[in-house]
Amino acid sequence: MELLSYGFDTIHYHVRVSTDDVAACVHHCDKLIAGGATHVYDSGVNGYRYTIQCDNGLKLYVPSMEGLHMGLWVIGGAAFCLSYSPEDYESQIDAACFSKLSLRLRMDSYVLRRFDLRFDMASSLPEFERDQIVSRGRYRQFHYDGDDFTGLTVGKGDVVFRMYDKIAEATAHGTVDRWRDVWSYDGSHVSRFEFQLRKDFLKQFGIERMADLLKRQGDVMEYLCGWLCFAYTQSRKDVDRPLVAWWQRFVEQVRCLPFECIGAVRQVLPKLPNVRQLVDQTMGLVSSLAAAWAFVDGSEAYDYVGVVNQVVKLIDHHRSKLEDTFQPKLVRYKQAAFS
């Protein structure tokens, strides 16, 4: 299993601009659509209304007038990522925004929100047992076409790993010739290992711009090689599980890549309290307690006063324990407010 090619496959940026600038972009899109422009579409993603297809392969997303606070969203797919070096991604975004929207961006306008990092291996999909997957991501999905295994997804949310047959996927999308040129390889099987990383993970690594990511790419990959591995099972839990051979080979090749490191580590940041969510949870618990105590008492009535009285007694009984946990939670909320 040899590494053929690696790099970015998708990038997402949030572009922070003033509401006046966004409003001007909305009016500009309206005029372009009314004039029959073929590169602007009255359909978007994630709450954005308009899609602008740019000459350099980027897609710009503009909200409606009701969503001016959302700023702009920019997506660069595989064709864009292959056409430019990562150091030039943001200058290409700036050029696209000026060309299509007459919008000049400040240096602090860009925020990297997602990137997909690909590793294409000259190999058919590797064989493994389900209990050989060792990951902090609890979600697992195995993909099949009939009885044939076609891929694996591990994790949800901010960190996702995907493994699939890139030849089959590229053939289905009509892009296989492009990828064969990238690989300089005419074999029948290429396995893609792909990590998708989103905004909270990036924030926890101190990544806002592409320059931040490139300085920490080695640190990010070292973390990911610990977040997921494929290892042989052991009867003894106090013994390290040896990596399966194909994953060991992958990790060795990744560690030889010229990624920069600055010793960055993932710092899980405290979050501000969601008061509405806490109130909703409390109301749900009150309802559950009322139903439970009504069942125990053989009653059909909803006695919320009785529930409140019972809860007050419990709070008074466990007062010291509650006071002990109150201060640490308050400190975390204060830390989140200033992080």
# chains A, B, ... in the order shown; residues from 1 in each chain; ligands from 1

call {"tool": "residues_around", "arguments": {"residues": "range 277-283 of chain A", "least_positions_apart": "6", "cutoff": "12 Å", "atoms": "only C-alpha atoms", "output": "PyMOL selection string"}}
result
chain A and resi 289-290+304+307-308+311

call {"tool": "write_last_selection", "arguments": {"atoms": "N, CA and C atoms", "output": "compact mmCIF listing (two decimals), in the first residue's frame"}}
result
# COMPACT_ATOMS: atom_id res chain seq x y z
N LEU A 289 -40.90 13.42 36.38
CA LEU A 289 -41.06 13.17 37.81
C LEU A 289 -42.53 13.14 38.21
N ALA A 290 -43.31 14.07 37.66
CA ALA A 290 -44.74 14.11 37.98
C ALA A 290 -45.41 12.80 37.55
N TYR A 304 -48.04 19.31 39.83
CA TYR A 304 -46.75 19.97 39.69
C TYR A 304 -46.30 20.61 41.00
N VAL A 307 -44.58 18.02 42.86
CA VAL A 307 -43.27 17.78 42.27
C VAL A 307 -42.27 18.83 42.75
N VAL A 308 -42.68 20.09 42.71
CA VAL A 308 -41.80 21.17 43.13
C VAL A 308 -41.41 21.01 44.60
N VAL A 311 -38.88 18.27 44.89
CA VAL A 311 -37.58 18.68 44.40
C VAL A 311 -36.89 19.60 45.40

call {"tool": "closest_atom_pairs", "arguments": {"of": "range 225-262 of chain A", "to": "range 121-141 of chain A", "cutoff": "8 Å", "atoms": "only C-alpha atoms", "output": "JSON lines"}}
result
{"residue": "A:Gly226", "atom": "CA", "partner": "A:Ser135", "partner_atom": "CA", "distance": 7.9}
{"residue": "A:Trp227", "atom": "CA", "partner": "A:Ser135", "partner_atom": "CA", "distance": 5.4}
{"residue": "A:Leu228", "atom": "CA", "partner": "A:Ser135", "partner_atom": "CA", "distance": 4.3}
{"residue": "A:Cys229", "atom": "CA", "partner": "A:Val134", "partner_atom": "CA", "distance": 5.3}
{"residue": "A:Phe230", "atom": "CA", "partner": "A:Ile133", "partner_atom": "CA", "distance": 4.8}
{"residue": "A:Ala231", "atom": "CA", "partner": "A:Gln132", "partner_atom": "CA", "distance": 5.0}
{"residue": "A:Tyr232", "atom": "CA", "partner": "A:Gln132", "partner_atom": "CA", "distance": 5.6}
{"residue": "A:Thr233", "atom": "CA", "partner": "A:Gln132", "partner_atom": "CA", "distance": 6.3}
{"residue": "A:Trp246", "atom": "CA", "partner": "A:Pro126", "partner_atom": "CA", "distance": 7.3}

call {"tool": "write_last_selection", "arguments": {"atoms": "C-alpha atoms", "output": "short mmCIF file (atom, residue, chain, number, x, y, z; two decimals), in the first residue's frame"}}
result
data_model
loop_
_atom_site.label_atom_id
_atom_site.label_comp_id
_atom_site.auth_asym_id
_atom_site.auth_seq_id
_atom_site.Cartn_x
_atom_site.Cartn_y
_atom_site.Cartn_z
CA GLY A 226 -4.15 8.70 17.57
CA TRP A 227 -7.84 9.52 17.17
CA LEU A 228 -8.20 6.53 14.85
CA CYS A 229 -6.23 3.37 14.23
CA PHE A 230 -6.74 -0.23 13.18
CA ALA A 231 -5.17 -2.63 15.64
CA TYR A 232 -5.14 -6.35 16.39
CA THR A 233 -7.19 -7.46 19.38
CA TRP A 246 -1.61 -1.83 6.29
#

call {"tool": "residues_around", "arguments": {"residues": "Ala78 in chain A", "least_positions_apart": "6", "cutoff": "12 Å", "atoms": "only C-alpha atoms", "output": "PyMOL selection string"}}
result
chain A and resi 6-12+56-59+84+115-118+170+175+178-179+182

call {"tool": "atom_distance", "arguments": {"atom1": "CA of Lys203 in chain A", "atom2": "CA of Gly263 in chain A"}}
result
15.6 Å

call {"tool": "residues_around", "arguments": {"residues": "range 153-169 of chain A", "least_positions_apart": "6", "cutoff": "7 Å", "atoms": "only C-alpha atoms", "output": "number ranges by chain"}}
result
A: 125, 137-142, 176, 189-201

call {"tool": "write_last_selection", "arguments": {"atoms": "C-alpha atoms", "output": "compact mmCIF listing (two decimals), in the first residue's frame"}}
result
# COMPACT_ATOMS: atom_id res chain seq x y z
CA LEU A 125 -9.89 -1.46 0.11
CA GLY A 137 -15.33 8.57 17.24
CA ARG A 138 -18.12 6.26 18.37
CA TYR A 139 -20.18 6.44 15.18
CA ARG A 140 -19.40 3.73 12.63
CA GLN A 141 -21.09 3.12 9.29
CA PHE A 142 -20.15 0.33 6.90
CA VAL A 176 -11.45 9.34 -13.24
CA HIS A 189 -7.78 0.15 -7.41
CA VAL A 190 -7.11 3.28 -5.36
CA SER A 191 -8.26 3.51 -1.74
CA ARG A 192 -8.96 6.99 -0.45
CA PHE A 193 -8.43 7.74 3.23
CA GLU A 194 -10.06 11.08 3.98
CA PHE A 195 -10.30 13.16 7.14
CA GLN A 196 -13.00 15.83 7.32
CA LEU A 197 -12.40 18.48 10.00
CA ARG A 198 -14.86 21.22 10.95
CA LYS A 199 -14.94 24.50 12.80
CA ASP A 200 -14.88 23.47 16.48
CA PHE A 201 -11.92 21.15 15.88

call {"tool": "residues_around", "arguments": {"residues": "range 251-261 of chain A", "least_positions_apart": "3", "cutoff": "7 Å", "atoms": "only C-alpha atoms", "output": "list in words"}}
result
Leu214, Lys215, Arg216, Gln217, Gly218, Asp219, Cys225, Trp247 and Gln248 of chain A

call {"tool": "write_last_selection", "arguments": {"atoms": "C-alpha atoms", "output": "PDB file, in the first residue's frame"}}
result
ATOM      1  CA  LEU A 214      -0.135  24.749   7.302  1.00  0.00           C
ATOM      2  CA  LYS A 215       1.981  25.535  10.391  1.00  0.00           C
ATOM      3  CA  ARG A 216       0.107  22.878  12.392  1.00  0.00           C
ATOM      4  CA  GLN A 217      -0.574  20.236   9.748  1.00  0.00           C
ATOM      5  CA  GLY A 218       1.896  17.779  11.224  1.00  0.00           C
ATOM      6  CA  ASP A 219       0.416  18.290  14.695  1.00  0.00           C
ATOM      7  CA  CYS A 225      -3.342   9.065  13.876  1.00  0.00           C
ATOM      8  CA  TRP A 247      -2.482   0.906   8.811  1.00  0.00           C
ATOM      9  CA  GLN A 248       1.050   0.846  10.183  1.00  0.00           C
TER      10      GLN A 248
END

call {"tool": "atom_distance", "arguments": {"atom1": "CA of Cys29 in chain A", "atom2": "CA of Tyr110 in chain A"}}
result
21.2 Å

call {"tool": "select_by_dssp", "arguments": {"residues": "range 56-139 of chain A", "states": "strand (DSSP E or B)", "output": "JSON, numbers by chain"}}
result
{"A": [58, 59, 60, 61, 62, 72, 73, 74, 75, 76, 110, 111, 112, 113, 114, 115, 116, 117, 118, 119, 120, 121, 122, 133, 134, 135]}

call {"tool": "write_last_selection", "arguments": {"atoms": "N, CA and C atoms", "output": "PDB file, in the first residue's frame"}}
result
ATOM      1  N   LEU A  58     -14.299  28.149  -7.573  1.00  0.00           N
ATOM      2  CA  LEU A  58     -14.954  28.416  -6.296  1.00  0.00           C
ATOM      3  C   LEU A  58     -16.454  28.607  -6.484  1.00  0.00           C
ATOM      4  N   LYS A  59     -17.203  28.369  -5.423  1.00  0.00           N
ATOM      5  CA  LYS A  59     -18.616  28.725  -5.363  1.00  0.00           C
ATOM      6  C   LYS A  59     -18.815  29.693  -4.206  1.00  0.00           C
ATOM      7  N   LEU A  60     -19.436  30.843  -4.501  1.00  0.00           N
ATOM      8  CA  LEU A  60     -19.751  31.839  -3.489  1.00  0.00           C
ATOM      9  C   LEU A  60     -21.237  31.735  -3.162  1.00  0.00           C
ATOM     10  N   TYR A  61     -21.546  31.785  -1.867  1.00  0.00           N
ATOM     11  CA  TYR A  61     -22.935  31.692  -1.426  1.00  0.00           C
ATOM     12  C   TYR A  61     -23.316  32.983  -0.717  1.00  0.00           C
ATOM     13  N   VAL A  62     -24.440  33.558  -1.168  1.00  0.00           N
ATOM     14  CA  VAL A  62     -24.919  34.849  -0.667  1.00  0.00           C
ATOM     15  C   VAL A  62     -26.285  34.635  -0.024  1.00  0.00           C
ATOM     16  N   LEU A  72     -20.837  35.804   4.003  1.00  0.00           N
ATOM     17  CA  LEU A  72     -20.752  34.974   2.797  1.00  0.00           C
ATOM     18  C   LEU A  72     -20.135  33.627   3.138  1.00  0.00           C
ATOM     19  N   TRP A  73     -20.440  32.643   2.310  1.00  0.00           N
ATOM     20  CA  TRP A  73     -19.853  31.309   2.469  1.00  0.00           C
ATOM     21  C   TRP A  73     -19.154  30.960   1.158  1.00  0.00           C
ATOM     22  N   VAL A  74     -17.983  30.341   1.254  1.00  0.00           N
ATOM     23  CA  VAL A  74     -17.207  29.995   0.065  1.00  0.00           C
ATOM     24  C   VAL A  74     -16.808  28.523   0.148  1.00  0.00           C
ATOM     25  N   ILE A  75     -17.005  27.803  -0.954  1.00  0.00           N
ATOM     26  CA  ILE A  75     -16.620  26.387  -1.019  1.00  0.00           C
ATOM     27  C   ILE A  75     -15.728  26.177  -2.235  1.00  0.00           C
ATOM     28  N   GLY A  76     -14.605  25.536  -1.995  1.00  0.00           N
ATOM     29  CA  GLY A  76     -13.731  25.104  -3.072  1.00  0.00           C
ATOM     30  C   GLY A  76     -13.691  23.591  -3.092  1.00  0.00           C
ATOM     31  N   TYR A 110     -11.459  36.294   6.402  1.00  0.00           N
ATOM     32  CA  TYR A 110     -11.570  34.862   6.135  1.00  0.00           C
ATOM     33  C   TYR A 110     -11.495  34.046   7.423  1.00  0.00           C
ATOM     34  N   VAL A 111     -12.363  33.062   7.532  1.00  0.00           N
ATOM     35  CA  VAL A 111     -12.274  32.094   8.625  1.00  0.00           C
ATOM     36  C   VAL A 111     -12.469  30.705   8.029  1.00  0.00           C
ATOM     37  N   LEU A 112     -11.476  29.858   8.166  1.00  0.00           N
ATOM     38  CA  LEU A 112     -11.560  28.493   7.659  1.00  0.00           C
ATOM     39  C   LEU A 112     -12.517  27.691   8.539  1.00  0.00           C
ATOM     40  N   ARG A 113     -13.551  27.096   7.939  1.00  0.00           N
ATOM     41  CA  ARG A 113     -14.581  26.388   8.696  1.00  0.00           C
ATOM     42  C   ARG A 113     -14.557  24.879   8.501  1.00  0.00           C
ATOM     43  N   ARG A 114     -13.964  24.440   7.403  1.00  0.00           N
ATOM     44  CA  ARG A 114     -13.892  22.995   7.165  1.00  0.00           C
ATOM     45  C   ARG A 114     -12.839  22.732   6.100  1.00  0.00           C
ATOM     46  N   PHE A 115     -12.142  21.618   6.247  1.00  0.00           N
ATOM     47  CA  PHE A 115     -11.326  21.131   5.143  1.00  0.00           C
ATOM     48  C   PHE A 115     -11.326  19.609   5.166  1.00  0.00           C
ATOM     49  N   ASP A 116     -11.214  19.032   3.963  1.00  0.00           N
ATOM     50  CA  ASP A 116     -11.103  17.587   3.806  1.00  0.00           C
ATOM     51  C   ASP A 116      -9.696  17.290   3.311  1.00  0.00           C
ATOM     52  N   LEU A 117      -8.973  16.473   4.049  1.00  0.00           N
ATOM     53  CA  LEU A 117      -7.596  16.125   3.695  1.00  0.00           C
ATOM     54  C   LEU A 117      -7.579  14.684   3.193  1.00  0.00           C
ATOM     55  N   ARG A 118      -7.111  14.496   1.962  1.00  0.00           N
ATOM     56  CA  ARG A 118      -7.167  13.187   1.311  1.00  0.00           C
ATOM     57  C   ARG A 118      -5.788  12.541   1.257  1.00  0.00           C
ATOM     58  N   PHE A 119      -5.803  11.218   1.319  1.00  0.00           N
ATOM     59  CA  PHE A 119      -4.617  10.396   1.106  1.00  0.00           C
ATOM     60  C   PHE A 119      -5.041   9.256   0.192  1.00  0.00           C
ATOM     61  N   ASP A 120      -4.491   9.228  -1.023  1.00  0.00           N
ATOM     62  CA  ASP A 120      -4.876   8.227  -2.013  1.00  0.00           C
ATOM     63  C   ASP A 120      -3.812   7.141  -2.077  1.00  0.00           C
ATOM     64  N   MET A 121      -4.242   5.906  -1.805  1.00  0.00           N
ATOM     65  CA  MET A 121      -3.339   4.772  -1.674  1.00  0.00           C
ATOM     66  C   MET A 121      -3.510   3.797  -2.832  1.00  0.00           C
ATOM     67  N   ALA A 122      -2.396   3.322  -3.374  1.00  0.00           N
ATOM     68  CA  ALA A 122      -2.427   2.349  -4.472  1.00  0.00           C
ATOM     69  C   ALA A 122      -2.748   0.974  -3.894  1.00  0.00           C
ATOM     70  N   ILE A 133     -11.172  -1.728  14.736  1.00  0.00           N
ATOM     71  CA  ILE A 133     -11.291  -0.271  14.663  1.00  0.00           C
ATOM     72  C   ILE A 133     -11.183   0.293  16.077  1.00  0.00           C
ATOM     73  N   VAL A 134     -10.205   1.141  16.293  1.00  0.00           N
ATOM     74  CA  VAL A 134     -10.011   1.791  17.590  1.00  0.00           C
ATOM     75  C   VAL A 134     -10.095   3.293  17.356  1.00  0.00           C
ATOM     76  N   SER A 135     -11.131   3.934  17.893  1.00  0.00           N
ATOM     77  CA  SER A 135     -11.317   5.353  17.608  1.00  0.00           C
ATOM     78  C   SER A 135     -12.067   6.041  18.727  1.00  0.00           C
TER      79      SER A 135
END

call {"tool": "closest_residue", "arguments": {"among": "A:Ala245, A:Ala79, A:Leu101, A:Ala96", "to": "His27 in chain A", "atoms": "only C-alpha atoms"}}
result
A:Leu101

call {"tool": "atom_distance", "arguments": {"atom1": "CA of Thr19 in chain A", "atom2": "CA of Asp42 in chain A"}}
result
19.8 Å

call {"tool": "closest_residue", "arguments": {"among": "A:Tyr333, A:Tyr185, A:Gln53, A:Gln234", "to": "Asn274 in chain A", "atoms": "only C-alpha atoms"}}
result
A:Tyr333

call {"tool": "closest_residue", "arguments": {"among": "A:Met210, A:Arg16, A:Leu4, A:Val268", "to": "Gly187 in chain A", "atoms": "only C-alpha atoms"}}
result
A:Leu4
